[in-house]
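Peer 1: Here it is, the structure in full.
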Amino acid sequence: MAFNFKGGIHPDTKKSATHKKPIEEMKPPRVVVLPVIMHKGTPCGPIVDVGERVLVGQKIAESTSPDSCPVHSPVSGTVSAVEPRITVSGEKVLSVVIENDFEDEQIPVSETYDRFRTLSAKELSAIAREYGIVGLGGSARPLSKKLLDASDRVDTLILNGAECEPYVSADNRIMVEYSEELHDGAMIIAKAVGAKEVILAIESDKAHAIAEMRRVFTKKSGIRLSVVHTKYPQGSERQLISSLLGREVPPEGTGADVGVLCVNVSTAVALSRAVREGKPLYERVVTVSGSAVANPKNLLVKIGTPIEELFDACGGFLEHPDRIIAGGPMMGHSQFSLDAPVQKGTNAVLAFCRGEDKNEPESVCIRCGKCVDACPMNLMPLYIYRAYKAGRLSDCEEQNVSDCTECGCCAYVCPARISLVSAICAAKQKILAAKKEERQ
């Protein structure tokens, strides 16, 4: 067992409903809605017009910016609209709406790479960008930029299979069912960026994935399996690097600053398919679970599918859900519309019955310090909260509010039920807005 990281919490994992269920391919929807930005970086612009017919794998939005990532069509059909549509973040974003003709006509594969084991970081980055690969663990950062940043700067590649959020089991099933492609993707990345060591990190509660990885690694060398503590947020890049290697990522830095590239297991599989098959990222595995879901599943879903159709594919609801979340329950977004589509970073959609929400009226902070003990970033959330409520944004900055990863550990353990994360997010937004205004 690898050593631990400071802070964190131990919520009930709630994965039993789906962690043993094989991935099922979901029937393509009648209409897909594709926001032109599904990554952290410069937004894309649509490159198709209303009335135009598109094919599976065709680019429908792109940008020339190096920190951008194109969007590809997951179906063949006709563009029916290019207009703002609601997304899982709650915002309306310019989106390309495509009516599926169910002919599944694909664009010809332009090139595959027989010499995939000898690709340079620059070549691999170009492939990742061309095929729209982003971090599928929730970060949605363009993989092309991560690969270039890590080139000749890292000695270790970490494959992140921790999947620490409750209910979510998409990565677990990826490791069980796509183990060969995962190994391929890892070797391609390691060779390109010059990593001498490759570590696959899996939390100890994923017995099936651990067994499958050990079976694969007895036949193929090059990857070391490391079973880490089941603890939230073990899957965060900073915490995983700390647990495995004892290296501390500097504030506002990345893993490459301490010689490490961290890539989610689903991302590695997507990159392998792009290199070996010329397949863009237009579908992903999504866990559909929660107490209100009739038959929880792990579904292979076309990106752009409305989340309502995912619940329909799982037998609908046992009762009218009190809350629906896109993503995990700790860092996901509550939904007010089932029309929001699955995006590249959507690893789960969850629905919960009435009475499960533990939100209660806030009471007075009793200065117990539990939020300080739980914070994996060594922050003092109660002092940030007090400074924000008093309007002292400069004090928030002195307390390093920008280092907060918004993991939710502080709010989870707070006996006063104070909305610490909401306050911290608001403080960060106000500080950014003030700095922007000052620059202008």
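To be explicit about the labels: the chains of the structure tokens are called A, B, and onward in the order shown, and within each one the residues are counted from 1, while ligands get numbers from 1 in the order they are shown.
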Taking the DSSP assignment computed from this structure's backbone, write out as a PyMOL selection string all residues of stretch 146-332 of chain A that belong to strand (DSSP E or B).

Peer 2: chain A and resi 156-161+197-203+224-228+232+260-264+283-289+293+297-302+306+317+323-326

Peer 1: Output C-alpha atoms for every residue in that selection, as a PDB file, in the first residue's frame.

Peer 2:
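Writing the result to out_3.pdb gives the following:
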```pdb
ATOM      1  CA  THR A 156       7.351   9.314 -14.575  1.00  0.00           C
ATOM      2  CA  LEU A 157       3.974   8.727 -16.216  1.00  0.00           C
ATOM      3  CA  ILE A 158       1.087   8.069 -13.828  1.00  0.00           C
ATOM      4  CA  LEU A 159      -2.043   6.427 -15.208  1.00  0.00           C
ATOM      5  CA  ASN A 160      -4.849   7.647 -12.978  1.00  0.00           C
ATOM      6  CA  GLY A 161      -7.324   4.849 -12.278  1.00  0.00           C
ATOM      7  CA  GLU A 197       8.739   4.777 -15.289  1.00  0.00           C
ATOM      8  CA  VAL A 198       5.016   4.129 -15.767  1.00  0.00           C
ATOM      9  CA  ILE A 199       2.760   3.662 -12.730  1.00  0.00           C
ATOM     10  CA  LEU A 200      -0.896   2.647 -12.826  1.00  0.00           C
ATOM     11  CA  ALA A 201      -2.642   3.831  -9.660  1.00  0.00           C
ATOM     12  CA  ILE A 202      -5.855   2.051  -8.611  1.00  0.00           C
ATOM     13  CA  GLU A 203      -7.731   2.487  -5.354  1.00  0.00           C
ATOM     14  CA  ARG A 224       4.041  -0.907 -12.369  1.00  0.00           C
ATOM     15  CA  LEU A 225       0.734  -1.387 -10.581  1.00  0.00           C
ATOM     16  CA  SER A 226       0.317   0.620  -7.376  1.00  0.00           C
ATOM     17  CA  VAL A 227      -2.715   0.017  -5.157  1.00  0.00           C
ATOM     18  CA  VAL A 228      -3.457   3.213  -3.223  1.00  0.00           C
ATOM     19  CA  TYR A 232     -11.260  11.094  -1.471  1.00  0.00           C
ATOM     20  CA  VAL A 260       5.396  13.783 -13.600  1.00  0.00           C
ATOM     21  CA  LEU A 261       2.727  13.452 -16.297  1.00  0.00           C
ATOM     22  CA  CYS A 262      -0.640  12.269 -14.949  1.00  0.00           C
ATOM     23  CA  VAL A 263      -3.153  10.889 -17.475  1.00  0.00           C
ATOM     24  CA  ASN A 264      -6.567   9.374 -16.785  1.00  0.00           C
ATOM     25  CA  GLU A 283     -18.200   8.868 -27.439  1.00  0.00           C
ATOM     26  CA  ARG A 284     -17.345   7.994 -23.864  1.00  0.00           C
ATOM     27  CA  VAL A 285     -18.355   5.701 -20.984  1.00  0.00           C
ATOM     28  CA  VAL A 286     -20.809   7.278 -18.520  1.00  0.00           C
ATOM     29  CA  THR A 287     -22.030   5.813 -15.225  1.00  0.00           C
ATOM     30  CA  VAL A 288     -25.782   6.267 -14.682  1.00  0.00           C
ATOM     31  CA  SER A 289     -26.617   5.637 -11.036  1.00  0.00           C
ATOM     32  CA  VAL A 293     -32.527   5.219 -11.133  1.00  0.00           C
ATOM     33  CA  LYS A 297     -25.641   1.010 -15.756  1.00  0.00           C
ATOM     34  CA  ASN A 298     -22.339   1.912 -17.364  1.00  0.00           C
ATOM     35  CA  LEU A 299     -23.169   3.160 -20.850  1.00  0.00           C
ATOM     36  CA  LEU A 300     -21.047   3.879 -23.919  1.00  0.00           C
ATOM     37  CA  VAL A 301     -22.696   7.133 -24.970  1.00  0.00           C
ATOM     38  CA  LYS A 302     -22.429   9.422 -27.981  1.00  0.00           C
ATOM     39  CA  PRO A 306     -29.317  14.615 -23.794  1.00  0.00           C
ATOM     40  CA  PHE A 317     -36.863   6.665 -12.468  1.00  0.00           C
ATOM     41  CA  ARG A 323     -31.771  16.067  -7.362  1.00  0.00           C
ATOM     42  CA  ILE A 324     -29.910  15.228 -10.573  1.00  0.00           C
ATOM     43  CA  ILE A 325     -26.151  15.687 -10.847  1.00  0.00           C
ATOM     44  CA  ALA A 326     -23.848  15.574 -13.874  1.00  0.00           C
TER      45      ALA A 326
END
```

Peer 1: I'd like the neighbourhood of A:Ala351 as a CSV table (one decimal) with all heavy atoms, in the first residue's frame, where a residue qualifies if any of its atoms comes within 12 Å (using only C-alpha atoms), though same-chain residues fewer than 5 positions away should be ignored.

Peer 2:
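Listing of around.csv after writing:
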```csv
chain,number,residue,atom,x,y,z
A,167,TYR,N,-20.1,6.6,-6.3
A,167,TYR,CA,-21.1,6.2,-7.4
A,167,TYR,C,-20.4,6.0,-8.8
A,167,TYR,O,-20.8,5.1,-9.5
A,167,TYR,CB,-22.2,7.3,-7.6
A,167,TYR,CG,-23.1,7.4,-6.5
A,167,TYR,CD1,-22.9,8.3,-5.5
A,167,TYR,CD2,-24.2,6.5,-6.4
A,167,TYR,CE1,-23.8,8.4,-4.4
A,167,TYR,CE2,-25.1,6.6,-5.3
A,167,TYR,CZ,-24.9,7.6,-4.3
A,167,TYR,OH,-25.8,7.7,-3.3
A,287,THR,N,-21.3,6.5,-16.3
A,287,THR,CA,-22.0,5.8,-15.2
A,287,THR,C,-23.4,6.5,-15.0
A,287,THR,O,-23.4,7.7,-14.7
A,287,THR,CB,-21.2,5.7,-13.9
A,287,THR,OG1,-20.0,5.0,-14.2
A,287,THR,CG2,-22.0,5.0,-12.8
A,288,VAL,N,-24.4,5.7,-15.0
A,288,VAL,CA,-25.8,6.3,-14.7
A,288,VAL,C,-26.2,5.6,-13.4
A,288,VAL,O,-26.4,4.3,-13.4
A,288,VAL,CB,-26.8,6.0,-15.8
A,288,VAL,CG1,-28.1,6.7,-15.5
A,288,VAL,CG2,-26.2,6.6,-17.1
A,289,SER,N,-26.3,6.3,-12.3
A,289,SER,CA,-26.6,5.6,-11.0
A,289,SER,C,-27.4,6.6,-10.1
A,289,SER,O,-27.8,7.7,-10.5
A,289,SER,CB,-25.3,5.2,-10.4
A,289,SER,OG,-25.5,4.4,-9.3
A,290,GLY,N,-27.5,6.2,-8.9
A,290,GLY,CA,-28.3,6.9,-7.9
A,290,GLY,C,-29.5,6.2,-7.4
A,290,GLY,O,-30.0,5.3,-8.1
A,291,SER,N,-30.0,6.5,-6.3
A,291,SER,CA,-31.2,5.8,-5.7
A,291,SER,C,-32.5,5.9,-6.5
A,291,SER,O,-33.4,5.1,-6.4
A,291,SER,CB,-31.4,6.4,-4.3
A,291,SER,OG,-31.7,7.8,-4.3
A,292,ALA,N,-32.6,7.0,-7.3
A,292,ALA,CA,-33.8,7.2,-8.1
A,292,ALA,C,-33.8,6.5,-9.4
A,292,ALA,O,-34.8,6.4,-10.1
A,292,ALA,CB,-34.1,8.7,-8.3
A,293,VAL,N,-32.7,5.9,-9.8
A,293,VAL,CA,-32.5,5.2,-11.1
A,293,VAL,C,-33.0,3.8,-11.0
A,293,VAL,O,-32.6,3.0,-10.1
A,293,VAL,CB,-31.1,5.3,-11.6
A,293,VAL,CG1,-30.9,4.6,-13.0
A,293,VAL,CG2,-30.6,6.7,-11.8
A,294,ALA,N,-33.9,3.4,-12.0
A,294,ALA,CA,-34.4,2.0,-11.9
A,294,ALA,C,-33.4,0.9,-12.1
A,294,ALA,O,-33.4,-0.1,-11.3
A,294,ALA,CB,-35.5,1.9,-13.0
A,295,ASN,N,-32.5,1.1,-13.1
A,295,ASN,CA,-31.5,0.0,-13.4
A,295,ASN,C,-30.2,0.7,-13.7
A,295,ASN,O,-29.9,0.9,-14.9
A,295,ASN,CB,-32.0,-0.8,-14.6
A,295,ASN,CG,-31.1,-2.0,-14.9
A,295,ASN,OD1,-30.3,-2.4,-14.0
A,295,ASN,ND2,-31.1,-2.5,-16.1
A,296,PRO,N,-29.4,1.0,-12.7
A,296,PRO,CA,-28.1,1.7,-12.9
A,296,PRO,C,-27.2,0.9,-13.9
A,296,PRO,O,-27.2,-0.3,-13.8
A,296,PRO,CB,-27.5,1.8,-11.5
A,296,PRO,CG,-28.7,1.7,-10.6
A,296,PRO,CD,-29.6,0.8,-11.2
A,307,ILE,N,-29.1,14.1,-21.4
A,307,ILE,CA,-29.0,13.2,-20.3
A,307,ILE,C,-30.3,12.5,-19.9
A,307,ILE,O,-30.3,11.5,-19.3
A,307,ILE,CB,-28.5,14.0,-19.0
A,307,ILE,CG1,-29.4,15.1,-18.6
A,307,ILE,CG2,-27.0,14.5,-19.2
A,307,ILE,CD1,-28.9,15.8,-17.3
A,308,GLU,N,-31.4,13.1,-20.4
A,308,GLU,CA,-32.7,12.4,-20.2
A,308,GLU,C,-32.7,11.1,-20.8
A,308,GLU,O,-33.3,10.1,-20.3
A,308,GLU,CB,-33.8,13.3,-20.8
A,308,GLU,CG,-35.2,12.7,-20.6
A,308,GLU,CD,-36.3,13.6,-21.1
A,308,GLU,OE1,-36.0,14.5,-21.9
A,308,GLU,OE2,-37.5,13.5,-20.6
A,310,LEU,N,-30.2,9.1,-21.3
A,310,LEU,CA,-29.4,8.1,-20.5
A,310,LEU,C,-30.3,7.5,-19.4
A,310,LEU,O,-30.2,6.3,-19.2
A,310,LEU,CB,-28.2,8.8,-19.9
A,310,LEU,CG,-27.0,8.9,-20.7
A,310,LEU,CD1,-27.2,9.9,-21.9
A,310,LEU,CD2,-25.8,9.4,-19.9
A,311,PHE,N,-31.1,8.3,-18.7
A,311,PHE,CA,-32.0,7.7,-17.7
A,311,PHE,C,-33.0,6.8,-18.3
A,311,PHE,O,-33.4,5.8,-17.8
A,311,PHE,CB,-32.7,8.9,-16.9
A,311,PHE,CG,-31.7,9.6,-16.1
A,311,PHE,CD1,-31.5,11.0,-16.2
A,311,PHE,CD2,-31.0,9.0,-15.1
A,311,PHE,CE1,-30.7,11.7,-15.4
A,311,PHE,CE2,-30.1,9.7,-14.2
A,311,PHE,CZ,-30.0,11.1,-14.4
A,314,CYS,N,-31.9,3.4,-18.9
A,314,CYS,CA,-31.7,2.7,-17.6
A,314,CYS,C,-33.1,2.4,-16.9
A,314,CYS,O,-33.1,2.2,-15.7
A,314,CYS,CB,-30.8,3.4,-16.6
A,314,CYS,SG,-29.1,3.6,-17.2
A,316,GLY,N,-35.7,4.5,-16.7
A,316,GLY,CA,-36.3,5.6,-16.1
A,316,GLY,C,-36.1,5.7,-14.6
A,316,GLY,O,-35.1,5.2,-14.0
A,317,PHE,N,-37.0,6.4,-13.9
A,317,PHE,CA,-36.9,6.7,-12.5
A,317,PHE,C,-37.8,5.8,-11.6
A,317,PHE,O,-39.0,5.5,-12.1
A,317,PHE,CB,-37.1,8.1,-12.2
A,317,PHE,CG,-36.2,9.1,-12.9
A,317,PHE,CD1,-36.7,10.1,-13.7
A,317,PHE,CD2,-34.8,9.0,-12.7
A,317,PHE,CE1,-35.8,11.0,-14.4
A,317,PHE,CE2,-34.0,9.9,-13.3
A,317,PHE,CZ,-34.5,10.9,-14.2
A,318,LEU,N,-37.4,5.4,-10.5
A,318,LEU,CA,-38.2,4.7,-9.5
A,318,LEU,C,-39.2,5.7,-8.9
A,318,LEU,O,-40.4,5.3,-8.6
A,318,LEU,CB,-37.4,4.1,-8.4
A,318,LEU,CG,-36.4,3.0,-8.8
A,318,LEU,CD1,-35.5,2.6,-7.7
A,318,LEU,CD2,-37.2,1.8,-9.4
A,319,GLU,N,-38.8,6.9,-8.7
A,319,GLU,CA,-39.7,8.0,-8.3
A,319,GLU,C,-39.1,9.3,-8.8
A,319,GLU,O,-38.0,9.3,-9.3
A,319,GLU,CB,-39.8,8.0,-6.8
A,319,GLU,CG,-38.5,8.3,-6.1
A,319,GLU,CD,-38.7,8.4,-4.6
A,319,GLU,OE1,-38.9,7.3,-3.9
A,319,GLU,OE2,-38.6,9.5,-4.0
A,320,HIS,N,-39.9,10.3,-8.8
A,320,HIS,CA,-39.4,11.6,-9.3
A,320,HIS,C,-38.2,12.0,-8.5
A,320,HIS,O,-38.3,12.1,-7.3
A,320,HIS,CB,-40.5,12.7,-9.2
A,320,HIS,CG,-40.1,14.0,-9.8
A,320,HIS,ND1,-40.1,14.2,-11.2
A,320,HIS,CD2,-39.7,15.1,-9.2
A,320,HIS,CE1,-39.7,15.4,-11.4
A,320,HIS,NE2,-39.4,16.0,-10.2
A,321,PRO,N,-37.1,12.2,-9.2
A,321,PRO,CA,-35.8,12.5,-8.4
A,321,PRO,C,-35.9,13.9,-7.8
A,321,PRO,O,-36.4,14.9,-8.4
A,321,PRO,CB,-34.8,12.5,-9.5
A,321,PRO,CG,-35.5,12.7,-10.8
A,321,PRO,CD,-36.9,12.2,-10.6
A,322,ASP,N,-35.3,14.0,-6.6
A,322,ASP,CA,-35.2,15.3,-5.9
A,322,ASP,C,-34.0,16.1,-6.4
A,322,ASP,O,-34.0,17.3,-6.4
A,322,ASP,CB,-35.1,15.0,-4.4
A,322,ASP,CG,-35.1,16.3,-3.6
A,322,ASP,OD1,-36.1,17.0,-3.8
A,322,ASP,OD2,-34.2,16.5,-2.8
A,323,ARG,N,-33.0,15.4,-6.9
A,323,ARG,CA,-31.8,16.1,-7.4
A,323,ARG,C,-31.1,15.2,-8.4
A,323,ARG,O,-31.0,14.0,-8.3
A,323,ARG,CB,-30.8,16.4,-6.2
A,323,ARG,CG,-29.5,17.0,-6.7
A,323,ARG,CD,-28.6,17.5,-5.6
A,323,ARG,NE,-29.3,18.7,-5.0
A,323,ARG,CZ,-28.6,19.5,-4.2
A,323,ARG,NH1,-27.4,19.4,-3.9
A,323,ARG,NH2,-29.3,20.6,-3.6
A,324,ILE,N,-30.7,15.9,-9.5
A,324,ILE,CA,-29.9,15.2,-10.6
A,324,ILE,C,-28.6,15.9,-10.7
A,324,ILE,O,-28.5,17.2,-10.7
A,324,ILE,CB,-30.7,15.3,-11.9
A,324,ILE,CG1,-31.9,14.4,-11.8
A,324,ILE,CG2,-29.8,14.8,-13.1
A,324,ILE,CD1,-32.9,14.5,-13.0
A,325,ILE,N,-27.5,15.1,-10.8
A,325,ILE,CA,-26.2,15.7,-10.8
A,325,ILE,C,-25.4,15.1,-12.1
A,325,ILE,O,-25.5,13.9,-12.3
A,325,ILE,CB,-25.4,15.3,-9.6
A,325,ILE,CG1,-26.0,16.0,-8.3
A,325,ILE,CG2,-23.9,15.8,-9.7
A,325,ILE,CD1,-25.4,15.6,-7.0
A,326,ALA,N,-24.8,16.0,-12.8
A,326,ALA,CA,-23.8,15.6,-13.9
A,326,ALA,C,-22.4,15.6,-13.3
A,326,ALA,O,-21.9,16.6,-12.9
A,326,ALA,CB,-23.9,16.5,-15.1
A,327,GLY,N,-21.8,14.4,-13.3
A,327,GLY,CA,-20.5,14.2,-12.6
A,327,GLY,C,-20.7,13.5,-11.3
A,327,GLY,O,-21.8,13.0,-11.0
A,328,GLY,N,-19.7,13.5,-10.5
A,328,GLY,CA,-19.8,12.8,-9.2
A,328,GLY,C,-20.5,13.7,-8.2
A,328,GLY,O,-20.7,14.9,-8.4
A,329,PRO,N,-20.9,13.2,-7.0
A,329,PRO,CA,-21.7,14.0,-6.1
A,329,PRO,C,-20.8,15.0,-5.3
A,329,PRO,O,-21.4,15.9,-4.8
A,329,PRO,CB,-22.2,12.9,-5.1
A,329,PRO,CG,-21.2,11.8,-5.2
A,329,PRO,CD,-20.8,11.8,-6.6
A,332,GLY,N,-19.6,17.4,-8.9
A,332,GLY,CA,-20.5,17.5,-10.1
A,332,GLY,C,-21.4,18.8,-10.0
A,332,GLY,O,-21.4,19.5,-9.1
A,333,HIS,N,-22.2,18.9,-11.1
A,333,HIS,CA,-23.1,20.1,-11.2
A,333,HIS,C,-24.6,19.6,-11.1
A,333,HIS,O,-25.0,18.7,-11.8
A,333,HIS,CB,-22.9,20.8,-12.6
A,333,HIS,CG,-21.6,21.4,-12.8
A,333,HIS,ND1,-21.3,22.7,-12.3
A,333,HIS,CD2,-20.5,21.0,-13.4
A,333,HIS,CE1,-20.0,23.0,-12.6
A,333,HIS,NE2,-19.5,21.9,-13.3
A,334,SER,N,-25.3,20.3,-10.2
A,334,SER,CA,-26.7,20.0,-10.1
A,334,SER,C,-27.4,20.5,-11.4
A,334,SER,O,-27.1,21.5,-11.9
A,334,SER,CB,-27.4,20.7,-8.9
A,334,SER,OG,-26.9,20.1,-7.7
A,335,GLN,N,-28.4,19.7,-11.9
A,335,GLN,CA,-29.1,20.0,-13.1
A,335,GLN,C,-30.5,20.5,-12.9
A,335,GLN,O,-31.2,19.9,-12.0
A,335,GLN,CB,-29.1,18.7,-14.0
A,335,GLN,CG,-27.7,18.2,-14.3
A,335,GLN,CD,-26.9,19.2,-15.1
A,335,GLN,OE1,-27.2,19.6,-16.2
A,335,GLN,NE2,-25.8,19.5,-14.5
A,336,PHE,N,-30.9,21.5,-13.7
A,336,PHE,CA,-32.3,21.9,-13.6
A,336,PHE,C,-33.0,21.6,-15.0
A,336,PHE,O,-34.2,21.9,-15.1
A,336,PHE,CB,-32.4,23.4,-13.3
A,336,PHE,CG,-31.7,24.3,-14.3
A,336,PHE,CD1,-32.4,24.7,-15.5
A,336,PHE,CD2,-30.4,24.7,-14.1
A,336,PHE,CE1,-31.8,25.6,-16.4
A,336,PHE,CE2,-29.8,25.5,-15.0
A,336,PHE,CZ,-30.5,26.0,-16.2
A,338,LEU,N,-33.1,18.4,-18.1
A,338,LEU,CA,-32.7,17.1,-18.6
A,338,LEU,C,-32.3,17.2,-20.1
A,338,LEU,O,-31.9,16.2,-20.7
A,338,LEU,CB,-33.8,16.1,-18.4
A,338,LEU,CG,-34.1,15.6,-17.0
A,338,LEU,CD1,-35.2,14.6,-17.0
A,338,LEU,CD2,-32.8,15.1,-16.3
A,356,GLU,N,-32.5,12.3,0.7
A,356,GLU,CA,-31.1,12.0,0.7
A,356,GLU,C,-30.2,13.2,0.8
A,356,GLU,O,-29.0,13.1,1.2
A,356,GLU,CB,-30.7,11.2,-0.6
A,356,GLU,CG,-31.2,9.8,-0.6
A,356,GLU,CD,-30.5,9.0,-1.7
A,356,GLU,OE1,-29.4,8.4,-1.5
A,356,GLU,OE2,-31.1,8.9,-2.7
A,357,ASP,N,-30.7,14.3,0.4
A,357,ASP,CA,-29.9,15.6,0.4
A,357,ASP,C,-29.7,16.0,1.9
A,357,ASP,O,-30.7,16.1,2.7
A,357,ASP,CB,-30.7,16.7,-0.3
A,357,ASP,CG,-29.8,17.9,-0.6
A,357,ASP,OD1,-28.8,18.1,0.2
A,357,ASP,OD2,-30.1,18.6,-1.6
```

Peer 1: What is the atom CA of A:Glu252-atom CA of A:Gly345 distance in Å, reported with one decimal?

Peer 2: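 It comes out at 21.4 Å.
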
Peer 1: Go ahead and compute the interatomic distance for atom CA of A:Asp149 and atom CA of A:Arg238, in Å to one decimal.

Peer 2: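 Separating atom CA of A:Asp149 from atom CA of A:Arg238 is a distance of 16.4 Å.
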
Peer 1: Within stretch 243-275 of chain A, find each residue whose DSSP state, derived from the backbone, is alpha helix (DSSP H), and express the selection as a list in words.

Peer 2: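 Listing alpha helix (DSSP H) positions across stretch 243-275 of chain A yields Ser243, Leu244, Leu245, Val265, Ser266, Thr267, Ala268, Val269, Ala270, Leu271, Ser272, Arg273, Ala274 and Val275 of chain A.
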
Peer 1: Write out, as a JSON list (two decimals), in the first residue's frame, the residues just selected, with C-alpha atoms.

Peer 2:
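After the write, selection-v7.json holds the following:
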```json
[["chain", "number", "residue", "atom", "x", "y", "z"],
["A", 243, "SER", "CA", 0.84, 9.62, -2.47],
["A", 244, "LEU", "CA", 2.91, 7.74, -5.02],
["A", 245, "LEU", "CA", 6.12, 9.77, -5.22],
["A", 265, "VAL", "CA", -7.00, 5.74, -17.90],
["A", 266, "SER", "CA", -9.97, 6.59, -20.15],
["A", 267, "THR", "CA", -7.88, 9.30, -21.82],
["A", 268, "ALA", "CA", -5.09, 6.80, -22.53],
["A", 269, "VAL", "CA", -7.60, 4.43, -24.17],
["A", 270, "ALA", "CA", -9.05, 7.26, -26.29],
["A", 271, "LEU", "CA", -5.55, 8.24, -27.45],
["A", 272, "SER", "CA", -4.73, 4.62, -28.35],
["A", 273, "ARG", "CA", -7.82, 4.46, -30.54],
["A", 274, "ALA", "CA", -6.97, 7.76, -32.20],
["A", 275, "VAL", "CA", -3.45, 6.56, -33.04]]
```

Peer 1: Of the residues A:Gln429, A:Gln399, A:Thr305, A:Asn359, which is the one nearest to A:Met26, using only C-alpha atoms?

Peer 2: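 Closest candidate: A:Thr305.
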
Peer 1: Quick one: pull the distance between atom CA of A:Pro11 and atom CA of A:Cys414, Å, one decimal.

Peer 2: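 Between these atoms lies a distance of 13.6 Å.
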
Peer 1: Identify, on the basis of only C-alpha atoms, every residue whose closest approach to A:Gly7 does not exceed 7 Å; exclude the query and any residue fewer than 4 positions from it along the same chain; express the result as a list in words.

Peer 2: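 That gives Asp373, Ala374, Cys375 and Pro376 of chain A.
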
Peer 1: Of the candidates A:His72, A:Lys196, A:Lys145, A:Lys92, which shows the shortest atom-to-atom distance to A:Ala340, using only C-alpha atoms?

Peer 2: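 That would be A:Lys92, the residue with the smallest distance to A:Ala340.
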
Peer 1: Which one is closest to A:Asn347: A:Ala170, A:Met330, A:Ala387, A:Ile189? Count only C-alpha atoms.

Peer 2: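 Closest residue, counting only C-alpha atoms: A:Ala170.
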
Peer 1: Would you mind listing what lies within 9 Å of A:Pro43 as a PyMOL selection string, with only C-alpha atoms counted and same-chain residues fewer than 6 positions away left out?

Peer 2: chain A and resi 36-37+62-63+65+68-69

Peer 1: Rank nothing, just name the residue among A:Lys231, A:Lys344, A:Ser394, A:Val216 nearest to A:Leu182, using only C-alpha atoms.

Peer 2: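 Ranked by minimum distance to A:Leu182, first place goes to A:Val216.
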
Peer 1: Contacts of A:Gln234 at 7 Å or less, counting only C-alpha atoms, minus same-chain residues fewer than 3 places along, as number ranges by chain?

Peer 2: A: 162, 164, 231, 239-240

Peer 1: I'd like the contact shell of stretch 123-135 of chain A - 6 Å cut-off, only C-alpha atoms, skipping same-chain residues fewer than 2 positions apart - returned as a list in words.

Peer 2: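 Contacts, in chain order: Cys69, Pro70, Leu119, Ser120, Ala121, Gly137, Ser139, Ala140, Arg141, Pro142, Leu143, Ser144, Leu147, Thr267, Pro280 and Leu281 of chain A.
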
Peer 1: Can you work out which one of A:Glu398, A:Glu248, A:Glu212, A:Glu163 has the shortest atom-to-atom distance to A:Tyr178, counting only C-alpha atoms?

Peer 2: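 Going through A:Glu398, A:Glu248, A:Glu212, A:Glu163 one by one, the smallest distance to A:Tyr178 is for A:Glu212.
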
Peer 1: Excluding stretch 77-87 of chain A and any residue of its chain fewer than 5 positions from it, enumerate the residues within 8 Å of it, using only C-alpha atoms, and give them as number ranges by chain.

Peer 2: A: 33, 35, 46, 48-55, 92-103, 337, 339-341
